[in-house]
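Here is start.txt, consisting of compact mmCIF, C-alpha atoms and all ligand atoms:
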```
# COMPACT_ATOMS: atom_id res chain seq x y z
CA MET A 1 87.44 -103.86 -23.62
CA GLN A 2 90.57 -103.42 -21.57
CA ASN A 3 92.01 -101.12 -24.24
CA ARG A 4 88.92 -98.99 -24.32
CA GLU A 5 89.02 -98.54 -20.60
CA LEU A 6 92.67 -97.58 -20.79
CA THR A 7 92.07 -94.83 -23.29
CA THR A 8 89.13 -93.38 -21.42
CA THR A 9 90.65 -93.18 -17.93
CA THR A 10 91.30 -89.60 -16.97
CA ILE A 11 94.94 -88.57 -16.76
CA ARG A 12 94.96 -86.38 -13.71
CA PHE A 13 96.93 -83.18 -13.50
CA LEU A 14 97.86 -83.99 -9.95
CA ASP A 15 97.26 -86.98 -7.67
CA LEU A 16 97.76 -86.40 -3.96
CA SER A 17 96.40 -89.69 -2.61
CA VAL A 18 98.88 -91.81 -0.67
CA ASP A 19 98.60 -95.23 -2.24
CA ASP A 20 102.10 -96.55 -1.60
CA PRO A 21 101.30 -98.91 1.31
CA THR A 22 104.80 -98.70 2.82
CA LEU A 23 104.77 -94.91 2.85
CA LYS A 24 101.29 -94.89 4.31
CA ARG A 25 102.33 -97.30 7.07
CA GLU A 26 105.38 -95.18 7.90
CA LEU A 27 103.29 -92.00 8.02
CA LEU A 28 100.64 -93.54 10.23
CA ALA A 29 103.33 -94.86 12.59
CA VAL A 30 104.77 -91.38 13.21
CA VAL A 31 101.29 -89.91 13.59
CA ASP A 32 100.57 -92.58 16.18
CA ASP A 33 103.83 -91.77 17.96
CA VAL A 34 103.27 -87.99 18.02
CA LEU A 35 99.70 -88.44 19.26
CA SER A 36 100.85 -90.73 22.06
CA ARG A 37 103.51 -88.28 23.21
CA GLY A 38 101.13 -85.33 23.00
CA GLN A 39 103.68 -82.67 22.12
CA LEU A 40 101.59 -81.34 19.25
CA VAL A 41 103.43 -78.05 18.79
CA PHE A 42 107.16 -77.44 19.27
CA GLY A 43 107.83 -81.19 19.26
CA PRO A 44 111.40 -82.36 18.61
CA GLU A 45 110.41 -83.30 15.04
CA VAL A 46 110.01 -79.62 14.19
CA GLU A 47 113.65 -78.93 15.04
CA GLU A 48 114.79 -82.02 13.21
CA PHE A 49 112.80 -80.90 10.16
CA GLU A 50 114.47 -77.49 10.37
CA GLY A 51 117.90 -79.10 10.38
CA THR A 52 117.00 -81.18 7.33
CA VAL A 53 115.74 -78.17 5.36
CA ALA A 54 118.77 -76.05 6.29
CA ARG A 55 121.11 -78.81 5.09
CA MET A 56 119.24 -79.25 1.82
CA CYS A 57 119.51 -75.51 1.13
CA HIS A 58 123.14 -75.16 2.24
CA LYS A 59 122.03 -72.68 4.90
CA LYS A 60 122.82 -72.46 8.61
CA HIS A 61 119.25 -72.10 9.81
CA ALA A 62 115.69 -72.98 8.89
CA VAL A 63 112.54 -71.91 10.71
CA ALA A 64 109.43 -74.02 10.21
CA VAL A 65 106.24 -72.07 9.69
CA SER A 66 102.62 -72.79 8.86
CA SER A 67 102.66 -72.15 5.08
CA GLY A 68 104.67 -70.82 2.18
CA SER A 69 102.63 -67.62 2.33
CA ASP A 70 103.63 -67.17 5.96
CA ALA A 71 107.22 -67.97 5.07
CA LEU A 72 107.26 -65.13 2.54
CA TYR A 73 105.58 -62.62 4.80
CA LEU A 74 107.71 -63.50 7.82
CA ALA A 75 110.92 -63.52 5.74
CA LEU A 76 110.18 -59.94 4.65
CA ARG A 77 109.33 -58.82 8.17
CA SER A 78 112.33 -60.54 9.70
CA LEU A 79 114.54 -58.51 7.35
CA GLY A 80 112.85 -55.27 8.35
CA ILE A 81 111.16 -54.74 4.98
CA GLY A 82 108.06 -52.62 5.46
CA PRO A 83 106.28 -49.31 4.79
CA GLY A 84 108.14 -47.02 2.38
CA ASP A 85 110.14 -49.87 0.85
CA GLU A 86 109.88 -51.15 -2.69
CA VAL A 87 110.38 -54.82 -3.51
CA ILE A 88 111.21 -55.80 -7.09
CA THR A 89 109.38 -58.99 -8.04
CA THR A 90 107.77 -60.96 -10.84
CA PRO A 91 104.37 -60.38 -12.46
CA MET A 92 104.27 -64.06 -13.43
CA GLY A 93 103.77 -66.11 -10.32
CA TRP A 94 101.35 -66.86 -7.55
CA VAL A 95 99.62 -64.00 -5.69
CA ALA A 96 101.05 -65.08 -2.31
CA THR A 97 104.33 -63.35 -3.17
CA THR A 98 102.74 -59.98 -3.90
CA ASN A 99 100.32 -60.35 -0.99
CA ALA A 100 103.25 -60.91 1.38
CA ILE A 101 104.93 -57.72 0.13
CA LEU A 102 101.74 -55.68 0.51
CA LEU A 103 100.85 -57.11 3.92
CA ALA A 104 104.36 -56.31 5.15
CA GLY A 105 103.49 -52.72 4.18
CA ALA A 106 105.90 -52.51 1.23
CA THR A 107 105.20 -51.81 -2.45
CA PRO A 108 105.73 -54.39 -5.21
CA VAL A 109 107.54 -53.28 -8.38
CA PHE A 110 107.07 -55.67 -11.28
CA VAL A 111 109.91 -56.53 -13.62
CA ASP A 112 109.23 -58.29 -16.92
CA VAL A 113 110.22 -61.91 -17.50
CA ARG A 114 112.39 -63.83 -19.95
CA GLU A 115 111.02 -66.41 -22.38
CA ASP A 116 111.55 -69.00 -19.62
CA MET A 117 109.01 -67.06 -17.47
CA ASN A 118 111.55 -66.15 -14.78
CA ILE A 119 112.43 -62.49 -14.08
CA ASP A 120 114.61 -60.75 -16.64
CA GLU A 121 117.49 -59.58 -14.49
CA SER A 122 118.75 -57.24 -17.23
CA LEU A 123 115.74 -54.98 -16.51
CA ILE A 124 116.24 -54.76 -12.74
CA SER A 125 118.70 -51.87 -12.62
CA GLY A 126 116.24 -49.68 -14.56
CA LEU A 127 113.64 -50.17 -11.81
CA VAL A 128 115.82 -49.46 -8.78
CA THR A 129 114.72 -46.23 -7.07
CA ARG A 130 115.86 -44.71 -3.79
CA ARG A 131 113.07 -46.62 -2.07
CA ALA A 132 114.14 -50.01 -3.43
CA LYS A 133 114.91 -52.37 -0.57
CA ALA A 134 114.83 -55.90 -1.90
CA ILE A 135 114.57 -58.21 -4.89
CA LEU A 136 112.10 -61.09 -4.56
CA PRO A 137 112.50 -63.51 -7.47
CA VAL A 138 110.29 -66.57 -7.85
CA HIS A 139 111.77 -69.75 -9.32
CA TRP A 140 108.67 -70.26 -11.43
CA HIS A 141 107.58 -73.84 -12.18
CA GLY A 142 110.71 -75.14 -10.40
CA LYS A 143 113.45 -73.59 -12.52
CA LEU A 144 116.00 -71.31 -10.92
CA CYS A 145 116.18 -67.69 -12.01
CA ARG A 146 119.66 -66.60 -13.14
CA MET A 147 120.72 -66.25 -9.55
CA ASP A 148 124.39 -65.40 -10.02
CA ALA A 149 123.35 -62.30 -11.96
CA VAL A 150 120.48 -61.49 -9.59
CA SER A 151 122.79 -61.81 -6.55
CA ALA A 152 125.37 -59.55 -8.19
CA LEU A 153 122.69 -56.93 -8.88
CA ALA A 154 121.42 -57.11 -5.32
CA GLN A 155 124.95 -56.52 -4.10
CA GLU A 156 125.62 -53.72 -6.55
CA HIS A 157 122.46 -51.83 -5.54
CA ARG A 158 122.71 -52.80 -1.86
CA LEU A 159 119.41 -54.62 -1.92
CA LEU A 160 118.28 -57.53 0.18
CA LEU A 161 117.54 -60.76 -1.67
CA VAL A 162 114.57 -62.93 -0.75
CA GLU A 163 113.93 -66.04 -2.85
CA ASP A 164 110.49 -67.50 -3.26
CA PHE A 165 111.53 -71.12 -3.81
CA ALA A 166 108.08 -72.51 -3.04
CA GLN A 167 108.17 -74.55 -6.27
CA ALA A 168 111.87 -75.21 -6.47
CA ILE A 169 113.13 -77.35 -3.59
CA ALA A 170 116.16 -79.28 -4.90
CA ALA A 171 116.39 -77.22 -8.08
CA GLN A 172 119.94 -75.98 -8.53
CA SER A 173 122.44 -74.13 -10.62
CA GLY A 174 126.04 -75.30 -10.72
CA GLY A 175 125.48 -77.40 -7.61
CA ARG A 176 124.00 -74.47 -5.68
CA PRO A 177 120.48 -75.20 -4.48
CA ALA A 178 117.39 -73.00 -4.59
CA GLY A 179 117.05 -71.12 -1.33
CA SER A 180 120.81 -70.76 -0.84
CA TYR A 181 121.11 -67.31 -2.43
CA GLY A 182 118.73 -65.18 -0.35
CA HIS A 183 119.31 -63.32 2.91
CA ALA A 184 116.13 -65.17 3.76
CA SER A 185 114.31 -67.52 1.40
CA ALA A 186 110.79 -68.89 1.60
CA LEU A 187 109.70 -72.46 0.92
CA SER A 188 106.19 -73.88 0.67
CA LEU A 189 105.46 -77.49 1.55
CA ASN A 190 101.77 -77.44 0.76
CA PRO A 191 100.49 -80.81 -0.47
CA MET A 192 100.76 -79.87 -4.16
CA LYS A 193 104.42 -79.00 -3.98
CA VAL A 194 107.32 -81.22 -5.06
CA TRP A 195 107.96 -81.96 -1.38
CA GLY A 196 104.55 -81.67 0.16
CA ALA A 197 103.10 -82.05 3.64
CA TYR A 198 99.67 -83.52 4.40
CA GLY A 199 98.27 -80.10 5.12
CA GLU A 200 99.75 -76.60 5.10
CA ALA A 201 103.44 -76.09 5.87
CA GLY A 202 106.34 -73.80 5.02
CA ALA A 203 109.86 -72.79 6.04
CA VAL A 204 112.28 -69.88 5.88
CA VAL A 205 116.02 -70.50 5.48
CA THR A 206 118.77 -68.02 6.36
CA ASP A 207 122.43 -67.83 7.39
CA ASP A 208 121.75 -64.97 9.78
CA ALA A 209 121.22 -65.99 13.42
CA GLU A 210 119.49 -62.69 14.21
CA VAL A 211 117.02 -63.21 11.38
CA ARG A 212 116.38 -66.71 12.72
CA GLU A 213 115.67 -65.32 16.19
CA ARG A 214 113.29 -62.74 14.76
CA LEU A 215 111.50 -65.46 12.80
CA ASN A 216 111.19 -67.64 15.91
CA CYS A 217 109.60 -64.71 17.63
CA LEU A 218 107.37 -63.57 14.72
CA ARG A 219 105.86 -67.04 14.21
CA HIS A 220 104.75 -67.06 17.84
CA ALA A 221 102.69 -63.85 18.02
CA GLY A 222 105.85 -61.73 18.01
CA THR A 223 106.80 -62.82 21.51
CA VAL A 224 110.23 -63.23 23.04
CA ASN A 225 110.53 -66.31 25.28
CA LYS A 226 106.89 -66.94 24.35
CA GLU A 227 106.01 -64.27 26.95
CA ASP A 228 106.65 -60.68 26.00
CA CYS A 229 105.37 -59.36 22.66
CA HIS A 230 108.02 -57.32 20.85
CA PHE A 231 106.47 -57.15 17.38
CA PRO A 232 102.75 -57.52 16.64
CA ALA A 233 102.41 -60.71 14.63
CA LEU A 234 100.03 -63.62 14.14
CA ASN A 235 100.53 -67.32 14.78
CA GLY A 236 102.65 -68.97 12.08
CA LYS A 237 103.98 -72.17 13.63
CA MET A 238 104.29 -75.55 11.96
CA ASP A 239 102.70 -78.32 13.98
CA THR A 240 104.60 -81.41 15.08
CA LEU A 241 102.49 -83.79 12.98
CA GLN A 242 103.40 -82.10 9.71
CA ALA A 243 107.09 -81.99 10.66
CA ALA A 244 107.05 -85.69 11.59
CA MET A 245 105.38 -86.68 8.32
CA LEU A 246 107.71 -84.47 6.27
CA LEU A 247 110.67 -86.24 7.87
CA VAL A 248 109.22 -89.52 6.63
CA ASN A 249 108.45 -88.51 3.06
CA VAL A 250 111.67 -86.54 2.52
CA ARG A 251 113.27 -89.96 2.10
CA ARG A 252 111.07 -90.40 -0.98
CA LEU A 253 111.96 -86.99 -2.42
CA PRO A 254 115.03 -88.04 -4.47
CA GLY A 255 112.99 -90.76 -6.16
CA TRP A 256 110.06 -88.41 -6.80
CA LEU A 257 112.37 -85.79 -8.29
CA ALA A 258 114.05 -88.37 -10.50
CA ARG A 259 110.65 -89.52 -11.77
CA ARG A 260 109.55 -85.92 -12.45
CA ARG A 261 112.71 -85.36 -14.46
CA GLU A 262 112.20 -88.61 -16.36
CA ILE A 263 108.64 -87.60 -17.23
CA ALA A 264 109.87 -84.17 -18.34
CA ARG A 265 112.49 -85.75 -20.60
CA ARG A 266 109.85 -87.98 -22.16
CA TYR A 267 107.51 -85.03 -22.73
CA THR A 268 110.28 -82.93 -24.25
CA LYS A 269 111.36 -85.74 -26.57
CA GLY A 270 107.78 -86.24 -27.77
CA LEU A 271 106.70 -82.60 -27.95
CA ALA A 272 109.73 -80.70 -29.22
CA GLY A 273 108.83 -78.71 -32.30
CA LEU A 274 105.09 -78.78 -31.56
CA VAL A 275 105.06 -76.62 -28.45
CA ARG A 276 107.82 -74.75 -26.70
CA CYS A 277 109.13 -77.12 -24.01
CA PRO A 278 110.73 -75.97 -20.77
CA GLU A 279 114.51 -76.00 -20.71
CA GLY A 280 116.43 -77.80 -18.03
CA GLY A 281 117.08 -81.30 -16.83
CA ASP A 282 118.46 -82.42 -13.51
CA ASP A 283 118.75 -78.78 -12.35
CA HIS A 284 114.97 -78.31 -12.64
CA ALA A 285 112.47 -79.42 -9.98
CA PHE A 286 109.62 -79.73 -12.53
CA TYR A 287 106.94 -78.63 -10.11
CA THR A 288 104.97 -78.30 -13.32
CA TYR A 289 105.72 -79.14 -16.91
CA THR A 290 104.60 -75.94 -18.56
CA VAL A 291 104.78 -75.39 -22.30
CA LEU A 292 104.11 -72.40 -24.52
CA ALA A 293 101.49 -73.40 -27.07
CA ARG A 294 99.96 -71.90 -30.18
CA ASN A 295 96.15 -71.91 -29.97
CA ARG A 296 96.38 -72.77 -26.30
CA GLU A 297 92.60 -72.81 -25.75
CA GLY A 298 92.09 -75.20 -28.66
CA LEU A 299 94.81 -77.53 -27.40
CA ARG A 300 93.35 -77.44 -23.93
CA ALA A 301 89.90 -78.40 -25.20
CA HIS A 302 91.39 -81.20 -27.33
CA LEU A 303 93.29 -82.61 -24.34
CA ALA A 304 90.09 -82.49 -22.27
CA SER A 305 88.25 -84.40 -25.01
CA ARG A 306 90.90 -87.11 -24.65
CA GLY A 307 90.46 -87.26 -20.87
CA ILE A 308 93.64 -85.32 -20.11
CA GLU A 309 93.59 -82.63 -17.43
CA SER A 310 95.67 -79.50 -17.92
CA ARG A 311 95.86 -76.21 -16.06
CA LEU A 312 96.69 -72.57 -16.60
CA ARG A 313 99.31 -71.55 -14.08
CA GLN A 314 98.33 -68.70 -13.76
CA PRO A 315 95.57 -67.41 -16.06
CA PHE A 316 96.11 -63.77 -14.95
CA LEU A 317 99.32 -61.92 -14.38
CA ILE A 318 99.61 -60.69 -10.82
CA PRO A 319 99.34 -56.93 -11.48
CA HIS A 320 96.19 -57.54 -13.54
CA GLN A 321 94.29 -59.26 -10.71
CA THR A 322 91.29 -57.48 -9.24
CA ALA A 323 92.89 -56.70 -5.89
CA TYR A 324 95.87 -54.88 -7.41
CA ARG A 325 94.56 -53.35 -10.66
CA SER A 326 93.40 -50.12 -9.10
CA MET A 327 96.21 -50.07 -6.55
CA MET A 328 99.15 -49.43 -8.84
CA PRO A 329 99.97 -48.08 -12.29
CA ARG A 330 100.06 -50.68 -15.07
CA PRO A 331 103.63 -51.97 -15.24
CA ARG A 332 105.53 -52.38 -18.54
CA ILE A 333 105.71 -56.15 -18.88
CA PRO A 334 105.19 -56.97 -22.59
CA VAL A 335 106.84 -60.40 -22.49
CA ALA A 336 104.76 -61.59 -19.54
CA GLU A 337 101.64 -60.19 -21.24
CA ARG A 338 102.37 -62.28 -24.33
CA LEU A 339 103.40 -65.49 -22.54
CA VAL A 340 100.37 -65.56 -20.25
CA HIS A 341 98.21 -66.37 -23.29
CA GLU A 342 100.45 -69.25 -24.36
CA ILE A 343 101.22 -71.12 -21.13
CA LEU A 344 99.74 -74.54 -20.52
CA SER A 345 100.71 -76.92 -17.74
CA LEU A 346 100.46 -80.62 -18.57
CA PRO A 347 99.90 -83.42 -16.04
CA MET A 348 102.98 -83.78 -13.82
CA HIS A 349 103.28 -85.98 -10.77
CA PRO A 350 105.47 -88.97 -9.91
CA LYS A 351 102.61 -91.45 -10.29
CA LEU A 352 102.20 -90.82 -14.02
CA THR A 353 103.18 -93.89 -16.04
CA ASP A 354 105.10 -93.79 -19.30
CA ASP A 355 101.84 -94.78 -21.00
CA ASP A 356 100.09 -91.77 -19.46
CA VAL A 357 102.83 -89.46 -20.72
CA ASP A 358 102.69 -91.04 -24.17
CA ARG A 359 98.92 -90.55 -24.29
CA VAL A 360 99.41 -86.85 -23.61
CA ILE A 361 102.08 -86.66 -26.32
CA VAL A 362 99.84 -88.44 -28.84
CA ALA A 363 96.98 -86.06 -28.06
CA VAL A 364 99.18 -83.00 -28.61
CA ARG A 365 100.48 -84.45 -31.89
CA GLU A 366 96.91 -85.14 -33.01
CA PHE A 367 95.93 -81.56 -32.29
CA TYR A 368 98.72 -80.06 -34.33
CA GLY A 369 98.23 -82.63 -37.11
CA ALA A 370 101.69 -84.03 -36.62
CA ASP A 371 100.94 -87.66 -36.05
CA GLY A 372 102.63 -88.50 -39.33
CA ARG A 373 99.41 -89.73 -40.99
C1 LIG A 401 102.62 -72.39 -3.30
C2 LIG A 401 103.28 -71.08 -3.49
C3 LIG A 401 103.27 -70.08 -2.51
C4 LIG A 401 102.45 -70.16 -1.26
O1 LIG A 401 102.65 -71.28 -0.51
P1 LIG A 401 101.48 -71.82 0.45
O2 LIG A 401 102.19 -72.86 1.25
O3 LIG A 401 100.41 -72.36 -0.44
O4 LIG A 401 101.00 -70.68 1.27
C5 LIG A 401 104.01 -68.94 -2.74
N1 LIG A 401 104.70 -68.75 -3.87
C6 LIG A 401 104.70 -69.67 -4.86
C7 LIG A 401 105.51 -69.42 -6.09
C8 LIG A 401 103.98 -70.85 -4.71
O5 LIG A 401 103.98 -71.74 -5.70
```
Now that the file is in, can you turn its structure into structure tokens?
Amino acid sequence: MQNRELTTTTIRFLDLSVDDPTLKRELLAVVDDVLSRGQLVFGPEVEEFEGTVARMCHKKHAVAVSSGSDALYLALRSLGIGPGDEVITTPMGWVATTNAILLAGATPVFVDVREDMNIDESLISGLVTRRAKAILPVHWHGKLCRMDAVSALAQEHRLLLVEDFAQAIAAQSGGRPAGSYGHASALSLNPMKVWGAYGEAGAVVTDDAEVRERLNCLRHAGTVNKEDCHFPALNGKMDTLQAAMLLVNVRRLPGWLARRREIARRYTKGLAGLVRCPEGGDDHAFYTYTVLARNREGLRAHLASRGIESRLRQPFLIPHQTAYRSMMPRPRIPVAERLVHEILSLPMHPKLTDDDVDRVIVAVREFYGADGR
């Protein structure tokens, strides 16, 4: 009976409930404290959170904002990227990146990706026009793009560099963390992310004190000293409660990352040869564990029949989405167009047990007839 129940429980793609009683108690204590003090915006926790993020990214400054989307949009605006400018970015990512470029008034230019789904930096030079102003790479699924090469290209072509490291906090390359390469880099802390808040939250990191000042102003209706509006902008502040709770759960982040990496290793060991597994180990944040699979739809249905949730991240390439299709000419992105039909994200969150992971592995082996029987 027990066994039957075990094999029929759903393995969830994501599980955001807080069931660690100690963590829950710590979170509720800071909520209680913030509520009692009543400083619900611009509380001291927001500044402390900014210091923590800046340190993690090896940057001088961080500015807390209300979401990763806001972080991207405000990063672009704080660097003066706007109408007439082109921003070279990825077709394989989340729409927030392209939306931020368009809402800043600039034009996205899509560069194809490598087999690892990150931008192919060898194609960037061919796309640089006189209007090119910035490169905006996304560290997709939590793996860093080849940032040494991307940084060198940005320098060579005198382009600004803005990283979307929404999925890649604590990912690194040669000891250099995600977010440390850009003139301004945007982080999301929405609840799904590797380091997630309990609502919407984001941050921009930069070494440039002027950019920081502009961000401080842009997130508060474009006002200087919270009085005089210098640049029309909306409200993009992070509230004190989110900052306070992020300061609590950041202490759990190293453990969560270690568990994600352990799960990834177990998946890769069990699935190598059946599907194409993501490369990377301790340098990868494993926001998702995304494989390239033959007969992806069939595998997906088989996993569902075994009570295993999986997702397509994302089912459509960005330039093919309804909002943009008629807006721009179809870019040449053959690799992305192939990979988008093969990607499949398997369950990935720190609460997965080894048994859960093994059940996923067994189901994949069953599907490809590789269970050895
Ligand atoms: C989550 C995400 C965003 C947007 O962040 P929000 O906080 O949800 O607004 C942007 N880019 C990427 C790559 C993301 O994964």
Query raised in the report: Of the residues A:Val291, A:Leu103, A:Leu23, A:Val150, which is the one nearest to Val250 (chain A), using all atoms listed in the file?
Result: A:Leu23
Per-residue nearest contacts chain A to ligand LIG 401 (chain A), cut-off 8 Å, using all atoms listed in the file, as a tab-separated table:
```
residue	atom	partner	partner_atom	distance
A:Ser66	CA	A:LIG401	O2	7.6
A:Ser67	CA	A:LIG401	O2	3.9
A:Gly68	CA	A:LIG401	O2	3.3
A:Ser69	CA	A:LIG401	O4	3.6
A:Asp70	CA	A:LIG401	O4	6.4
A:Ala71	CA	A:LIG401	O4	7.8
A:Leu72	CA	A:LIG401	C5	7.3
A:Gly93	CA	A:LIG401	C7	5.6
A:Trp94	CA	A:LIG401	C7	5.1
A:Val95	CA	A:LIG401	N1	7.2
A:Ala96	CA	A:LIG401	C5	4.9
A:Thr97	CA	A:LIG401	N1	5.5
A:Val138	CA	A:LIG401	C7	5.8
A:His139	CA	A:LIG401	C7	7.1
A:Trp140	CA	A:LIG401	C7	6.3
A:His141	CA	A:LIG401	O5	7.7
A:Asp164	CA	A:LIG401	N1	6.0
A:Phe165	CA	A:LIG401	C7	6.7
A:Ala166	CA	A:LIG401	C8	4.7
A:Gln167	CA	A:LIG401	O5	5.1
A:Leu187	CA	A:LIG401	O1	7.3
A:Ser188	CA	A:LIG401	O2	4.2
A:Leu189	CA	A:LIG401	O2	5.7
A:Asn190	CA	A:LIG401	O2	4.6
A:Met192	CA	A:LIG401	C1	7.8
A:Lys193	CA	A:LIG401	C1	6.9
A:Glu200	CA	A:LIG401	O2	5.9
A:Ala201	CA	A:LIG401	O2	5.8
A:Gly202	CA	A:LIG401	O2	5.7
```
Query - Which of A:Ile343, A:Leu215, A:Ile308, A:Leu40 sits closest to Pro278 (chain A) [using all atoms listed in the file] - result: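 Looking only at the distances to Pro278 (chain A), the closest residue turns out to be A:Ile343.
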Requested in this report: For CA of Cys229 (chain A) and CA of Asn216 (chain A), determine how far apart the two atoms are, in Å to one decimal place.
Outcome: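 Computed distance, CA of Cys229 (chain A) to CA of Asn216 (chain A), equals 12.2 Å.
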**Report entry** Using all atoms listed in the file: which of A:Val53, A:Ile11, A:Ala203, A:Met117 has the shortest distance to Cys277 (chain A)
**Finding:**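 Result for the nearest residue to Cys277 (chain A): A:Met117.
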Box for region 226-234 of chain A: with edges along x, y and z, all listed atoms inside and 8 Å added on each side, what are the centre and edge lengths in Å to one decimal, as lines of an AutoDock Vina configuration file?
```
center_x = 104.0
center_y = -62.0
center_z = 20.5
size_x = 24.0
size_y = 25.8
size_z = 28.8
```
Query raised in the report: For Arg359 (chain A), which residue among A:Asn225, A:Thr8, A:Ser345, A:Arg214 is the nearest when counting all atoms listed in the file?
Result: A:Thr8
**Report entry** Shell around region 87-91 of chain A at 7 Å using only C-alpha atoms, local window under 6 positions removed, as a ChimeraX atom specification
**Finding:** /A:106-112,119,132-138,317-319
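CA of Val113 (chain A) to CA of Leu339 (chain A) spans 9.2 Å [interatomic distance, one decimal].
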Report task. Just give me the gap between CA of Arg146 (chain A) and CA of Arg313 (chain A) in Å, one decimal is fine. Result ->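 The value is 21.0 Å.
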Using all atoms listed in the file, which protein or nucleic acid residues come within 10 Å of Phe13 (chain A)? Drop anything in the same chain fewer than 3 positions from it, and give the result as a PDB file with C-alpha atoms, in the frame of the given file.
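Wrote out36.pdb, looks like this:
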```pdb
ATOM      1  CA  THR A  10      91.300 -89.600 -16.970  1.00  0.00           C
ATOM      2  CA  THR A 288     104.970 -78.300 -13.320  1.00  0.00           C
ATOM      3  CA  ILE A 308      93.640 -85.320 -20.110  1.00  0.00           C
ATOM      4  CA  GLU A 309      93.590 -82.630 -17.430  1.00  0.00           C
ATOM      5  CA  SER A 310      95.670 -79.500 -17.920  1.00  0.00           C
ATOM      6  CA  ARG A 311      95.860 -76.210 -16.060  1.00  0.00           C
ATOM      7  CA  SER A 345     100.710 -76.920 -17.740  1.00  0.00           C
ATOM      8  CA  LEU A 346     100.460 -80.620 -18.570  1.00  0.00           C
ATOM      9  CA  PRO A 347      99.900 -83.420 -16.040  1.00  0.00           C
ATOM     10  CA  MET A 348     102.980 -83.780 -13.820  1.00  0.00           C
ATOM     11  CA  HIS A 349     103.280 -85.980 -10.770  1.00  0.00           C
ATOM     12  CA  LEU A 352     102.200 -90.820 -14.020  1.00  0.00           C
TER      13      LEU A 352
END
```
Query raised in the report: If we count all atoms listed in the file, what is near Arg114 (chain A) at a cut-off of 9 Å, once residues fewer than 5 positions away on the same chain are taken out, given as a ChimeraX atom specification?
Result: /A:119-121,335-336
Query - Selection near Arg130 (chain A), 10 Å with all atoms listed in the file, sequence-local residues under 3 positions removed, as number ranges by chain - result: A: 85-86, 127, 133, 157
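In terms of minimum interatomic distance to His302 (chain A), A:Val360 ranks closest within A:Val162, A:Ala154, A:Val194, A:Val360, counting all atoms listed in the file.
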